[in-house]
$ cat query33.pdb   # PDB, C-alpha atoms
ATOM      1  CA  MET Z  21      45.053  83.981 175.598  1.00  0.00           C
ATOM      2  CA  GLU Z  22      44.401  87.529 176.763  1.00  0.00           C
ATOM      3  CA  ARG Z  23      48.150  88.163 177.127  1.00  0.00           C
ATOM      4  CA  LYS Z  24      48.738  86.987 173.556  1.00  0.00           C
ATOM      5  CA  ASP Z  25      45.904  89.170 172.238  1.00  0.00           C
ATOM      6  CA  ALA Z  26      47.149  92.213 174.155  1.00  0.00           C
ATOM      7  CA  ALA Z  27      50.718  91.746 172.929  1.00  0.00           C
ATOM      8  CA  CYS Z  28      49.497  91.219 169.377  1.00  0.00           C
ATOM      9  CA  GLU Z  29      47.232  94.278 169.426  1.00  0.00           C
ATOM     10  CA  GLY Z  30      50.006  96.482 170.817  1.00  0.00           C
ATOM     11  CA  CYS Z  31      52.411  95.280 168.140  1.00  0.00           C
ATOM     12  CA  LEU Z  32      49.947  95.792 165.297  1.00  0.00           C
ATOM     13  CA  ALA Z  33      48.923  99.215 166.606  1.00  0.00           C
ATOM     14  CA  ARG Z  34      52.566 100.366 166.602  1.00  0.00           C
ATOM     15  CA  ALA Z  35      53.341  98.883 163.195  1.00  0.00           C
ATOM     16  CA  PHE Z  36      50.309  99.887 161.139  1.00  0.00           C
ATOM     17  CA  PRO Z  37      49.325 103.548 160.620  1.00  0.00           C
ATOM     18  CA  PHE Z  38      45.820 102.449 159.645  1.00  0.00           C
ATOM     19  CA  TRP Z  39      45.115 100.737 162.987  1.00  0.00           C
ATOM     20  CA  ASP Z  40      43.012 103.536 164.477  1.00  0.00           C
ATOM     21  CA  LYS Z  41      41.001 103.672 161.236  1.00  0.00           C
ATOM     22  CA  LEU Z  42      39.714 100.138 161.826  1.00  0.00           C
ATOM     23  CA  THR Z  43      36.514  99.378 163.657  1.00  0.00           C
ATOM     24  CA  ALA Z  44      36.741  97.431 166.908  1.00  0.00           C
ATOM     25  CA  PRO Z  45      35.434  94.239 165.217  1.00  0.00           C
ATOM     26  CA  GLN Z  46      38.029  94.628 162.421  1.00  0.00           C
ATOM     27  CA  GLN Z  47      40.818  95.027 164.978  1.00  0.00           C
ATOM     28  CA  GLU Z  48      39.619  91.979 166.878  1.00  0.00           C
ATOM     29  CA  TYR Z  49      39.383  89.950 163.667  1.00  0.00           C
ATOM     30  CA  LEU Z  50      42.961  90.771 162.582  1.00  0.00           C
ATOM     31  CA  CYS Z  51      44.319  90.000 166.057  1.00  0.00           C
ATOM     32  CA  ARG Z  52      42.471  86.693 166.157  1.00  0.00           C
ATOM     33  CA  LEU Z  53      44.011  85.629 162.839  1.00  0.00           C
ATOM     34  CA  THR Z  54      47.522  86.824 163.710  1.00  0.00           C
ATOM     35  CA  ARG Z  55      49.943  84.263 165.105  1.00  0.00           C
ATOM     36  CA  PRO Z  56      53.561  84.283 166.253  1.00  0.00           C
ATOM     37  CA  VAL Z  57      55.932  82.498 163.873  1.00  0.00           C
ATOM     38  CA  HIS Z  58      59.581  81.472 164.041  1.00  0.00           C
ATOM     39  CA  TYR Z  59      62.000  80.749 161.185  1.00  0.00           C
ATOM     40  CA  ASP Z  60      65.431  79.221 161.658  1.00  0.00           C
ATOM     41  CA  LYS Z  61      68.438  80.741 159.935  1.00  0.00           C
ATOM     42  CA  GLY Z  62      68.438  79.630 156.301  1.00  0.00           C
ATOM     43  CA  ALA Z  63      64.734  78.747 156.283  1.00  0.00           C
ATOM     44  CA  HIS Z  64      62.794  79.354 153.078  1.00  0.00           C
ATOM     45  CA  VAL Z  65      59.930  81.655 154.073  1.00  0.00           C
ATOM     46  CA  HIS Z  66      58.188  82.290 150.754  1.00  0.00           C
ATOM     47  CA  SER Z  67      58.419  81.296 147.103  1.00  0.00           C
ATOM     48  CA  PRO Z  68      56.115  81.648 144.066  1.00  0.00           C
ATOM     49  CA  THR Z  69      55.234  77.927 144.139  1.00  0.00           C
ATOM     50  CA  GLU Z  70      54.149  77.841 147.800  1.00  0.00           C
ATOM     51  CA  ASN Z  71      51.004  79.019 149.544  1.00  0.00           C
ATOM     52  CA  CYS Z  72      50.813  82.638 150.664  1.00  0.00           C
ATOM     53  CA  VAL Z  73      52.405  83.037 154.086  1.00  0.00           C
ATOM     54  CA  GLY Z  74      50.669  86.303 154.941  1.00  0.00           C
ATOM     55  CA  ILE Z  75      51.899  89.670 156.159  1.00  0.00           C
ATOM     56  CA  LEU Z  76      54.970  89.367 158.370  1.00  0.00           C
ATOM     57  CA  LEU Z  77      55.817  91.906 161.057  1.00  0.00           C
ATOM     58  CA  LEU Z  78      59.394  91.247 162.154  1.00  0.00           C
ATOM     59  CA  ARG Z  79      60.096  91.298 165.877  1.00  0.00           C
ATOM     60  CA  SER Z  80      63.720  90.174 165.502  1.00  0.00           C
ATOM     61  CA  GLY Z  81      66.040  88.692 162.892  1.00  0.00           C
ATOM     62  CA  GLN Z  82      66.508  89.394 159.209  1.00  0.00           C
ATOM     63  CA  LEU Z  83      64.784  88.420 155.944  1.00  0.00           C
ATOM     64  CA  ARG Z  84      66.190  88.613 152.410  1.00  0.00           C
ATOM     65  CA  ALA Z  85      63.967  89.051 149.351  1.00  0.00           C
ATOM     66  CA  TYR Z  86      65.528  88.026 146.054  1.00  0.00           C
ATOM     67  CA  LEU Z  87      64.915  86.978 142.454  1.00  0.00           C
ATOM     68  CA  LEU Z  88      66.029  83.516 141.344  1.00  0.00           C
ATOM     69  CA  SER Z  89      67.016  82.586 137.785  1.00  0.00           C
ATOM     70  CA  GLU Z  90      66.387  79.224 136.137  1.00  0.00           C
ATOM     71  CA  ASP Z  91      70.059  78.291 136.511  1.00  0.00           C
ATOM     72  CA  GLY Z  92      70.069  79.039 140.246  1.00  0.00           C
ATOM     73  CA  ARG Z  93      71.610  82.509 140.310  1.00  0.00           C
ATOM     74  CA  ASP Z  94      69.964  85.045 142.591  1.00  0.00           C
ATOM     75  CA  VAL Z  95      69.842  88.830 142.950  1.00  0.00           C
ATOM     76  CA  THR Z  96      69.070  90.370 146.331  1.00  0.00           C
ATOM     77  CA  LEU Z  97      66.286  92.947 146.118  1.00  0.00           C
ATOM     78  CA  TYR Z  98      66.295  94.141 149.709  1.00  0.00           C
ATOM     79  CA  ARG Z  99      66.508  92.984 153.312  1.00  0.00           C
ATOM     80  CA  LEU Z 100      64.100  93.442 156.211  1.00  0.00           C
ATOM     81  CA  PHE Z 101      64.934  93.862 159.891  1.00  0.00           C
ATOM     82  CA  ALA Z 102      63.163  94.099 163.259  1.00  0.00           C
ATOM     83  CA  GLY Z 103      60.203  96.474 163.031  1.00  0.00           C
ATOM     84  CA  ASP Z 104      59.833  96.087 159.253  1.00  0.00           C
ATOM     85  CA  VAL Z 105      56.721  94.738 157.552  1.00  0.00           C
ATOM     86  CA  CYS Z 106      57.062  92.143 154.785  1.00  0.00           C
ATOM     87  CA  ILE Z 107      54.241  92.615 152.269  1.00  0.00           C
ATOM     88  CA  LEU Z 108      55.502  90.397 149.432  1.00  0.00           C
ATOM     89  CA  SER Z 109      55.093  87.279 151.592  1.00  0.00           C
ATOM     90  CA  ALA Z 110      51.380  87.851 150.893  1.00  0.00           C
ATOM     91  CA  SER Z 111      51.813  88.650 147.204  1.00  0.00           C
ATOM     92  CA  CYS Z 112      48.858  86.425 146.286  1.00  0.00           C
ATOM     93  CA  VAL Z 113      46.437  89.072 147.591  1.00  0.00           C
ATOM     94  CA  LEU Z 114      48.121  91.900 145.658  1.00  0.00           C
ATOM     95  CA  ASP Z 115      47.119  92.162 142.016  1.00  0.00           C
ATOM     96  CA  ALA Z 116      49.965  94.600 141.300  1.00  0.00           C
ATOM     97  CA  VAL Z 117      52.687  92.046 142.131  1.00  0.00           C
ATOM     98  CA  THR Z 118      53.521  90.287 138.873  1.00  0.00           C
ATOM     99  CA  PHE Z 119      57.080  89.063 139.492  1.00  0.00           C
ATOM    100  CA  ASP Z 120      58.211  85.967 141.387  1.00  0.00           C
ATOM    101  CA  VAL Z 121      60.012  86.775 144.615  1.00  0.00           C
ATOM    102  CA  HIS Z 122      61.715  84.441 147.084  1.00  0.00           C
ATOM    103  CA  ILE Z 123      62.176  85.254 150.775  1.00  0.00           C
ATOM    104  CA  ASP Z 124      64.658  83.546 153.120  1.00  0.00           C
ATOM    105  CA  ALA Z 125      65.577  84.001 156.774  1.00  0.00           C
ATOM    106  CA  GLU Z 126      69.159  85.283 156.924  1.00  0.00           C
ATOM    107  CA  GLU Z 127      69.095  85.079 160.728  1.00  0.00           C
ATOM    108  CA  PRO Z 128      66.682  83.387 163.169  1.00  0.00           C
ATOM    109  CA  VAL Z 129      63.404  85.301 162.821  1.00  0.00           C
ATOM    110  CA  GLU Z 130      60.583  85.952 165.276  1.00  0.00           C
ATOM    111  CA  ALA Z 131      57.552  87.629 163.736  1.00  0.00           C
ATOM    112  CA  TRP Z 132      53.826  88.148 163.856  1.00  0.00           C
ATOM    113  CA  CYS Z 133      52.029  86.724 160.832  1.00  0.00           C
ATOM    114  CA  ILE Z 134      48.642  88.010 159.682  1.00  0.00           C
ATOM    115  CA  GLY Z 135      46.993  85.373 157.512  1.00  0.00           C
ATOM    116  CA  ALA Z 136      46.753  86.309 153.827  1.00  0.00           C
ATOM    117  CA  GLY Z 137      42.981  85.780 153.788  1.00  0.00           C
ATOM    118  CA  ALA Z 138      42.466  87.967 156.847  1.00  0.00           C
ATOM    119  CA  PHE Z 139      44.542  90.767 155.392  1.00  0.00           C
ATOM    120  CA  LYS Z 140      42.728  90.492 152.051  1.00  0.00           C
ATOM    121  CA  ARG Z 141      39.405  90.864 153.849  1.00  0.00           C
ATOM    122  CA  ALA Z 142      40.714  93.918 155.728  1.00  0.00           C
ATOM    123  CA  MET Z 143      41.853  95.426 152.406  1.00  0.00           C
ATOM    124  CA  ASP Z 144      38.439  94.831 150.851  1.00  0.00           C
ATOM    125  CA  GLU Z 145      36.581  96.349 153.798  1.00  0.00           C
ATOM    126  CA  ASN Z 146      38.813  99.307 154.641  1.00  0.00           C
ATOM    127  CA  VAL Z 147      40.307 101.791 152.185  1.00  0.00           C
ATOM    128  CA  TYR Z 148      43.061 102.773 154.628  1.00  0.00           C
ATOM    129  CA  VAL Z 149      44.332  99.201 154.762  1.00  0.00           C
ATOM    130  CA  ARG Z 150      44.208  98.983 150.973  1.00  0.00           C
ATOM    131  CA  CYS Z 151      46.143 102.242 150.549  1.00  0.00           C
ATOM    132  CA  TYR Z 152      48.766 101.103 153.052  1.00  0.00           C
ATOM    133  CA  ALA Z 153      49.206  97.764 151.296  1.00  0.00           C
ATOM    134  CA  TYR Z 154      49.753  99.358 147.906  1.00  0.00           C
ATOM    135  CA  GLN Z 155      52.043 102.029 149.351  1.00  0.00           C
ATOM    136  CA  LEU Z 156      54.184  99.282 150.891  1.00  0.00           C
ATOM    137  CA  THR Z 157      54.101  97.380 147.588  1.00  0.00           C
ATOM    138  CA  ALA Z 158      55.214 100.507 145.721  1.00  0.00           C
ATOM    139  CA  GLU Z 159      58.142 100.878 148.142  1.00  0.00           C
ATOM    140  CA  SER Z 160      59.100  97.248 147.492  1.00  0.00           C
ATOM    141  CA  TYR Z 161      59.007  97.911 143.738  1.00  0.00           C
ATOM    142  CA  SER Z 162      61.201 100.967 144.251  1.00  0.00           C
ATOM    143  CA  GLU Z 163      63.745  98.878 146.168  1.00  0.00           C
ATOM    144  CA  THR Z 164      63.609  96.279 143.395  1.00  0.00           C
ATOM    145  CA  MET Z 165      64.178  98.823 140.639  1.00  0.00           C
ATOM    146  CA  TRP Z 166      67.106 100.349 142.562  1.00  0.00           C
ATOM    147  CA  ALA Z 167      68.688  96.909 142.925  1.00  0.00           C
ATOM    148  CA  MET Z 168      68.246  96.188 139.211  1.00  0.00           C
ATOM    149  CA  GLN Z 169      69.579  99.614 138.243  1.00  0.00           C
ATOM    150  CA  GLN Z 170      72.769  98.882 140.170  1.00  0.00           C
ATOM    151  CA  VAL Z 171      73.166  95.428 138.608  1.00  0.00           C
ATOM    152  CA  LEU Z 172      72.527  96.612 135.048  1.00  0.00           C
ATOM    153  CA  PHE Z 173      74.081 100.070 134.863  1.00  0.00           C
ATOM    154  CA  MET Z 174      76.632 100.659 137.626  1.00  0.00           C
ATOM    155  CA  SER Z 175      80.289  99.710 137.780  1.00  0.00           C
ATOM    156  CA  ALA Z 176      81.364  97.074 140.307  1.00  0.00           C
ATOM    157  CA  ASP Z 177      83.384  99.534 142.402  1.00  0.00           C
ATOM    158  CA  ARG Z 178      80.477 101.957 142.765  1.00  0.00           C
ATOM    159  CA  ARG Z 179      78.043  99.154 143.622  1.00  0.00           C
ATOM    160  CA  LEU Z 180      80.397  97.880 146.297  1.00  0.00           C
ATOM    161  CA  ALA Z 181      80.870 101.397 147.694  1.00  0.00           C
ATOM    162  CA  ILE Z 182      77.089 101.869 147.853  1.00  0.00           C
ATOM    163  CA  PHE Z 183      76.676  98.536 149.615  1.00  0.00           C
ATOM    164  CA  LEU Z 184      79.383  99.258 152.202  1.00  0.00           C
ATOM    165  CA  ALA Z 185      78.086 102.784 152.854  1.00  0.00           C
ATOM    166  CA  ASP Z 186      74.515 101.511 153.318  1.00  0.00           C
ATOM    167  CA  GLU Z 187      75.596  98.735 155.684  1.00  0.00           C
ATOM    168  CA  LEU Z 188      77.669 101.079 157.848  1.00  0.00           C
ATOM    169  CA  ALA Z 189      74.807 103.589 157.954  1.00  0.00           C
ATOM    170  CA  LYS Z 190      72.687 100.939 159.691  1.00  0.00           C
ATOM    171  CA  THR Z 191      75.176 100.485 162.523  1.00  0.00           C
ATOM    172  CA  GLY Z 192      76.911 103.854 162.655  1.00  0.00           C
ATOM    173  CA  GLY Z 193      80.265 102.097 162.994  1.00  0.00           C
ATOM    174  CA  ASP Z 194      83.286 101.452 160.808  1.00  0.00           C
ATOM    175  CA  GLU Z 195      83.340  97.644 160.820  1.00  0.00           C
ATOM    176  CA  LEU Z 196      81.369  95.200 158.715  1.00  0.00           C
ATOM    177  CA  ARG Z 197      81.345  91.566 159.827  1.00  0.00           C
ATOM    178  CA  MET Z 198      80.467  89.860 156.579  1.00  0.00           C
ATOM    179  CA  THR Z 199      82.280  87.379 154.335  1.00  0.00           C
ATOM    180  CA  HIS Z 200      83.038  87.966 150.658  1.00  0.00           C
ATOM    181  CA  ASP Z 201      80.440  85.300 149.828  1.00  0.00           C
ATOM    182  CA  GLN Z 202      77.742  87.128 151.772  1.00  0.00           C
ATOM    183  CA  ILE Z 203      78.577  90.479 150.205  1.00  0.00           C
ATOM    184  CA  ALA Z 204      78.503  88.904 146.740  1.00  0.00           C
ATOM    185  CA  ARG Z 205      75.104  87.337 147.395  1.00  0.00           C
ATOM    186  CA  TYR Z 206      73.637  90.620 148.628  1.00  0.00           C
ATOM    187  CA  MET Z 207      75.071  92.472 145.635  1.00  0.00           C
ATOM    188  CA  GLY Z 208      74.031  89.826 143.104  1.00  0.00           C
ATOM    189  CA  THR Z 209      77.522  89.317 141.746  1.00  0.00           C
ATOM    190  CA  ALA Z 210      80.342  86.773 141.830  1.00  0.00           C
ATOM    191  CA  ARG Z 211      82.526  86.268 144.886  1.00  0.00           C
ATOM    192  CA  GLU Z 212      85.623  86.749 142.716  1.00  0.00           C
ATOM    193  CA  VAL Z 213      84.410  90.210 141.712  1.00  0.00           C
ATOM    194  CA  VAL Z 214      83.883  91.225 145.346  1.00  0.00           C
ATOM    195  CA  SER Z 215      87.266  89.855 146.419  1.00  0.00           C
ATOM    196  CA  ARG Z 216      89.021  91.670 143.574  1.00  0.00           C
ATOM    197  CA  MET Z 217      87.273  94.981 144.327  1.00  0.00           C
ATOM    198  CA  LEU Z 218      87.916  94.720 148.075  1.00  0.00           C
ATOM    199  CA  LYS Z 219      91.590  94.084 147.384  1.00  0.00           C
ATOM    200  CA  TYR Z 220      91.577  97.194 145.187  1.00  0.00           C
ATOM    201  CA  PHE Z 221      89.815  99.216 147.927  1.00  0.00           C
ATOM    202  CA  ALA Z 222      92.395  98.009 150.453  1.00  0.00           C
ATOM    203  CA  GLY Z 223      95.235  99.062 148.156  1.00  0.00           C
ATOM    204  CA  GLU Z 224      93.639 102.509 147.848  1.00  0.00           C
ATOM    205  CA  GLY Z 225      93.441 102.868 151.631  1.00  0.00           C
ATOM    206  CA  LEU Z 226      89.640 102.775 151.707  1.00  0.00           C
ATOM    207  CA  VAL Z 227      89.334  99.596 153.787  1.00  0.00           C
ATOM    208  CA  ARG Z 228      91.338  97.183 155.878  1.00  0.00           C
ATOM    209  CA  LEU Z 229      90.453  93.526 155.358  1.00  0.00           C
ATOM    210  CA  TRP Z 230      90.442  90.865 158.064  1.00  0.00           C
ATOM    211  CA  ARG Z 231      89.083  87.355 158.350  1.00  0.00           C
ATOM    212  CA  GLY Z 232      85.285  87.490 158.288  1.00  0.00           C
ATOM    213  CA  GLY Z 233      84.977  91.219 157.750  1.00  0.00           C
ATOM    214  CA  LEU Z 234      86.520  94.601 157.060  1.00  0.00           C
ATOM    215  CA  THR Z 235      87.058  98.055 158.516  1.00  0.00           C
ATOM    216  CA  VAL Z 236      86.351 101.181 156.494  1.00  0.00           C
ATOM    217  CA  LEU Z 237      89.275 103.588 156.884  1.00  0.00           C
ATOM    218  CA  ASP Z 238      88.041 106.519 154.803  1.00  0.00           C
ATOM    219  CA  LYS Z 239      84.282 107.041 154.879  1.00  0.00           C
ATOM    220  CA  PRO Z 240      84.263 110.384 153.003  1.00  0.00           C
ATOM    221  CA  ARG Z 241      86.093 108.873 150.006  1.00  0.00           C
ATOM    222  CA  LEU Z 242      83.884 105.794 150.096  1.00  0.00           C
ATOM    223  CA  GLN Z 243      80.757 107.980 150.068  1.00  0.00           C
ATOM    224  CA  LYS Z 244      82.106 110.014 147.148  1.00  0.00           C
ATOM    225  CA  LEU Z 245      82.632 106.808 145.203  1.00  0.00           C
ATOM    226  CA  ALA Z 246      79.105 105.682 146.103  1.00  0.00           C
ATOM    227  CA  ARG Z 247      77.743 108.948 144.669  1.00  0.00           C
ATOM    228  CA  GLY Z 248      79.644 108.368 141.431  1.00  0.00           C
ATOM    229  CA  GLU Z 249      82.254 111.056 142.102  1.00  0.00           C
ATOM    230  CA  ALA Z 250      85.977 110.567 141.622  1.00  0.00           C
ATOM    231  CA  PRO Z 251      87.215 109.786 145.139  1.00  0.00           C
ATOM    232  CA  GLY Z 252      90.885 110.604 144.562  1.00  0.00           C
ATOM    233  CA  ARG Z 253      93.724 108.340 145.486  1.00  0.00           C
ATOM    234  CA  GLY Z 254      94.715 107.440 148.992  1.00  0.00           C
ATOM    235  CA  ARG Z 255      98.067 108.258 150.549  1.00  0.00           C
ATOM    236  CA  LYS Z 256     100.915 106.045 149.525  1.00  0.00           C
ATOM    237  CA  ARG Z 257     102.095 103.829 152.332  1.00  0.00           C
ATOM    238  CA  ALA Z 258     105.692 103.359 153.246  1.00  0.00           C
TER     239      ALA Z 258
END

$ encode --input "query33.pdb" --output "structure tokens"
Amino acid sequence: MERKDAACEGCLARAFPFWDKLTAPQQEYLCRLTRPVHYDKGAHVHSPTENCVGILLLRSGQLRAYLLSEDGRDVTLYRLFAGDVCILSASCVLDAVTFDVHIDAEEPVEAWCIGAGAFKRAMDENVYVRCYAYQLTAESYSETMWAMQQVLFMSADRRLAIFLADELAKTGGDELRMTHDQIARYMGTAREVVSRMLKYFAGEGLVRLWRGGLTVLDKPRLQKLARGEAPGRGRKRA
């Protein structure tokens, strides 16, 4: 039990900037009501019709937050990775959250989960916790508005360029191992649109396509397109 508490406290202390602003009893209370959780790939973590999960601190894996329409279409808002904190999985304790968000595990997930009630009590008792929670919520709203801005106002080629540039920035490489279906789901568009745009990018010498992924051949031109600048045409191939 002591090993679990020590591991939990170390994880929470590294993740939360407000940790040293808590009293010892408040720290002990949050640790006591924090538990390790596991989600299999494809698991539904949170939805508006289910009970609040609580605050999730990802140790490994990947979560996807998205909006779901009545006819089953979805728009990805953002994704979370190891070291990130998922605040909208405890949206029931946040008065400012007024939209319905769904959260799925895109990969097997290991996380620490602070119960929604425990976190709500910490927010009520400590202004630093409350400020952190609303700052994180504001960041989630910003991510949501950026996603909606792309869907509503940007051309398909620019949206795809932004997506590819962002994904490569996470790895620092040139390859993206992702199917057209996955890219379409993350972008909130149809697979046919993604396939058509990738074929166009390949013809322009921006990417090389292969089964299950692609290689970016011209990052500078891709980044110019992502910024909304005219990227120029690639060299004609013999």

$ residues_around --input "query33.pdb" --residues "region 227-241 of chain Z" --least-positions-apart "6" --cutoff "8 Å" --atoms "all atoms listed in the file" --output "short mmCIF file (atom, residue, chain, number, x, y, z; two decimals) with C-alpha atoms, in the coordinates of the input"
data_model
loop_
_atom_site.label_atom_id
_atom_site.label_comp_id
_atom_site.auth_asym_id
_atom_site.auth_seq_id
_atom_site.Cartn_x
_atom_site.Cartn_y
_atom_site.Cartn_z
CA ALA Z 185 78.09 102.78 152.85
CA ASP Z 194 83.29 101.45 160.81
CA GLU Z 195 83.34 97.64 160.82
CA LEU Z 196 81.37 95.20 158.72
CA ARG Z 197 81.34 91.57 159.83
CA MET Z 198 80.47 89.86 156.58
CA THR Z 199 82.28 87.38 154.34
CA HIS Z 200 83.04 87.97 150.66
CA LEU Z 218 87.92 94.72 148.07
CA PHE Z 221 89.82 99.22 147.93
CA PRO Z 251 87.22 109.79 145.14
CA GLY Z 252 90.88 110.60 144.56
#

$ atom_distance --input "query33.pdb" --atom1 "CA of Gly137 (chain Z)" --atom2 "CA of Leu77 (chain Z)"
16.0 Å

$ closest_residue --input "query33.pdb" --among "Z:Phe183, Z:Tyr152, Z:Tyr59, Z:Trp166" --to "Ile123 (chain Z)" --atoms "only C-alpha atoms"
Z:Tyr59

$ resolve_selection --input "query33.pdb" --expression "the PyMOL selection byres ((chain Z and resi 105) around 12)" --output "CSV table (one decimal) with C-alpha atoms, keeping the file's coordinate frame"
chain,number,residue,atom,x,y,z
Z,31,CYS,CA,52.4,95.3,168.1
Z,32,LEU,CA,49.9,95.8,165.3
Z,34,ARG,CA,52.6,100.4,166.6
Z,35,ALA,CA,53.3,98.9,163.2
Z,36,PHE,CA,50.3,99.9,161.1
Z,37,PRO,CA,49.3,103.5,160.6
Z,74,GLY,CA,50.7,86.3,154.9
Z,75,ILE,CA,51.9,89.7,156.2
Z,76,LEU,CA,55.0,89.4,158.4
Z,77,LEU,CA,55.8,91.9,161.1
Z,78,LEU,CA,59.4,91.2,162.2
Z,79,ARG,CA,60.1,91.3,165.9
Z,80,SER,CA,63.7,90.2,165.5
Z,82,GLN,CA,66.5,89.4,159.2
Z,83,LEU,CA,64.8,88.4,155.9
Z,99,ARG,CA,66.5,93.0,153.3
Z,100,LEU,CA,64.1,93.4,156.2
Z,101,PHE,CA,64.9,93.9,159.9
Z,102,ALA,CA,63.2,94.1,163.3
Z,103,GLY,CA,60.2,96.5,163.0
Z,104,ASP,CA,59.8,96.1,159.3
Z,106,CYS,CA,57.1,92.1,154.8
Z,107,ILE,CA,54.2,92.6,152.3
Z,108,LEU,CA,55.5,90.4,149.4
Z,109,SER,CA,55.1,87.3,151.6
Z,110,ALA,CA,51.4,87.9,150.9
Z,131,ALA,CA,57.6,87.6,163.7
Z,132,TRP,CA,53.8,88.1,163.9
Z,133,CYS,CA,52.0,86.7,160.8
Z,134,ILE,CA,48.6,88.0,159.7
Z,152,TYR,CA,48.8,101.1,153.1
Z,153,ALA,CA,49.2,97.8,151.3
Z,155,GLN,CA,52.0,102.0,149.4
Z,156,LEU,CA,54.2,99.3,150.9
Z,157,THR,CA,54.1,97.4,147.6
Z,159,GLU,CA,58.1,100.9,148.1
Z,160,SER,CA,59.1,97.2,147.5

$ atom_distance --input "query33.pdb" --atom1 "CA of Ala125 (chain Z)" --atom2 "CA of Asp60 (chain Z)"
6.8 Å

$ residues_around --input "query33.pdb" --residues "Met207 (chain Z)" --least-positions-apart "3" --cutoff "7 Å" --atoms "all atoms listed in the file" --output "compact mmCIF listing (two decimals) with C-alpha atoms, keeping the file's coordinate frame"
# COMPACT_ATOMS: atom_id res chain seq x y z
CA VAL Z 95 69.84 88.83 142.95
CA THR Z 96 69.07 90.37 146.33
CA ILE Z 203 78.58 90.48 150.21
CA ALA Z 204 78.50 88.90 146.74

$ build_atoms --input "query33.pdb" --residues "region 78-95 of chain Z" --atoms "N, CA and C atoms" --output "mmCIF file, in the coordinates of the input"
data_model
loop_
_atom_site.group_PDB
_atom_site.id
_atom_site.type_symbol
_atom_site.label_atom_id
_atom_site.label_comp_id
_atom_site.auth_asym_id
_atom_site.auth_seq_id
_atom_site.Cartn_x
_atom_site.Cartn_y
_atom_site.Cartn_z
ATOM 1 N N LEU Z 78 58.203 91.789 161.508
ATOM 2 C CA LEU Z 78 59.394 91.247 162.154
ATOM 3 C C LEU Z 78 59.587 91.815 163.558
ATOM 4 N N ARG Z 79 59.758 90.905 164.504
ATOM 5 C CA ARG Z 79 60.096 91.298 165.877
ATOM 6 C C ARG Z 79 61.601 91.234 166.094
ATOM 7 N N SER Z 80 62.267 90.293 165.435
ATOM 8 C CA SER Z 80 63.720 90.174 165.502
ATOM 9 C C SER Z 80 64.185 89.365 164.300
ATOM 10 N N GLY Z 81 65.488 89.458 164.002
ATOM 11 C CA GLY Z 81 66.040 88.692 162.892
ATOM 12 C C GLY Z 81 66.120 89.485 161.605
ATOM 13 N N GLN Z 82 66.291 88.759 160.511
ATOM 14 C CA GLN Z 82 66.508 89.394 159.209
ATOM 15 C C GLN Z 82 65.987 88.502 158.088
ATOM 16 N N LEU Z 83 65.261 89.113 157.141
ATOM 17 C CA LEU Z 83 64.784 88.420 155.944
ATOM 18 C C LEU Z 83 65.458 88.998 154.712
ATOM 19 N N ARG Z 84 65.634 88.163 153.698
ATOM 20 C CA ARG Z 84 66.190 88.613 152.410
ATOM 21 C C ARG Z 84 65.205 88.269 151.308
ATOM 22 N N ALA Z 85 64.811 89.259 150.524
ATOM 23 C CA ALA Z 85 63.967 89.051 149.351
ATOM 24 C C ALA Z 85 64.853 89.071 148.116
ATOM 25 N N TYR Z 86 64.644 88.110 147.219
ATOM 26 C CA TYR Z 86 65.528 88.026 146.054
ATOM 27 C C TYR Z 86 64.805 87.396 144.868
ATOM 28 N N LEU Z 87 65.371 87.623 143.679
ATOM 29 C CA LEU Z 87 64.915 86.978 142.454
ATOM 30 C C LEU Z 87 65.829 85.796 142.174
ATOM 31 N N LEU Z 88 65.267 84.731 141.613
ATOM 32 C CA LEU Z 88 66.029 83.516 141.344
ATOM 33 C C LEU Z 88 65.893 83.143 139.875
ATOM 34 N N SER Z 89 67.038 82.952 139.200
ATOM 35 C CA SER Z 89 67.016 82.586 137.785
ATOM 36 C C SER Z 89 66.847 81.077 137.627
ATOM 37 N N GLU Z 90 66.582 80.646 136.395
ATOM 38 C CA GLU Z 90 66.387 79.224 136.137
ATOM 39 C C GLU Z 90 67.637 78.408 136.412
ATOM 40 N N ASP Z 91 68.818 79.029 136.274
ATOM 41 C CA ASP Z 91 70.059 78.291 136.511
ATOM 42 C C ASP Z 91 70.568 78.445 137.943
ATOM 43 N N GLY Z 92 69.728 78.995 138.827
ATOM 44 C CA GLY Z 92 70.069 79.039 140.246
ATOM 45 C C GLY Z 92 70.765 80.295 140.726
ATOM 46 N N ARG Z 93 71.003 81.259 139.870
ATOM 47 C CA ARG Z 93 71.610 82.509 140.310
ATOM 48 C C ARG Z 93 70.544 83.397 140.936
ATOM 49 N N ASP Z 94 70.945 84.178 141.948
ATOM 50 C CA ASP Z 94 69.964 85.045 142.591
ATOM 51 C C ASP Z 94 70.473 86.469 142.705
ATOM 52 N N VAL Z 95 69.540 87.412 142.780
ATOM 53 C CA VAL Z 95 69.842 88.830 142.950
ATOM 54 C C VAL Z 95 69.049 89.327 144.147
#
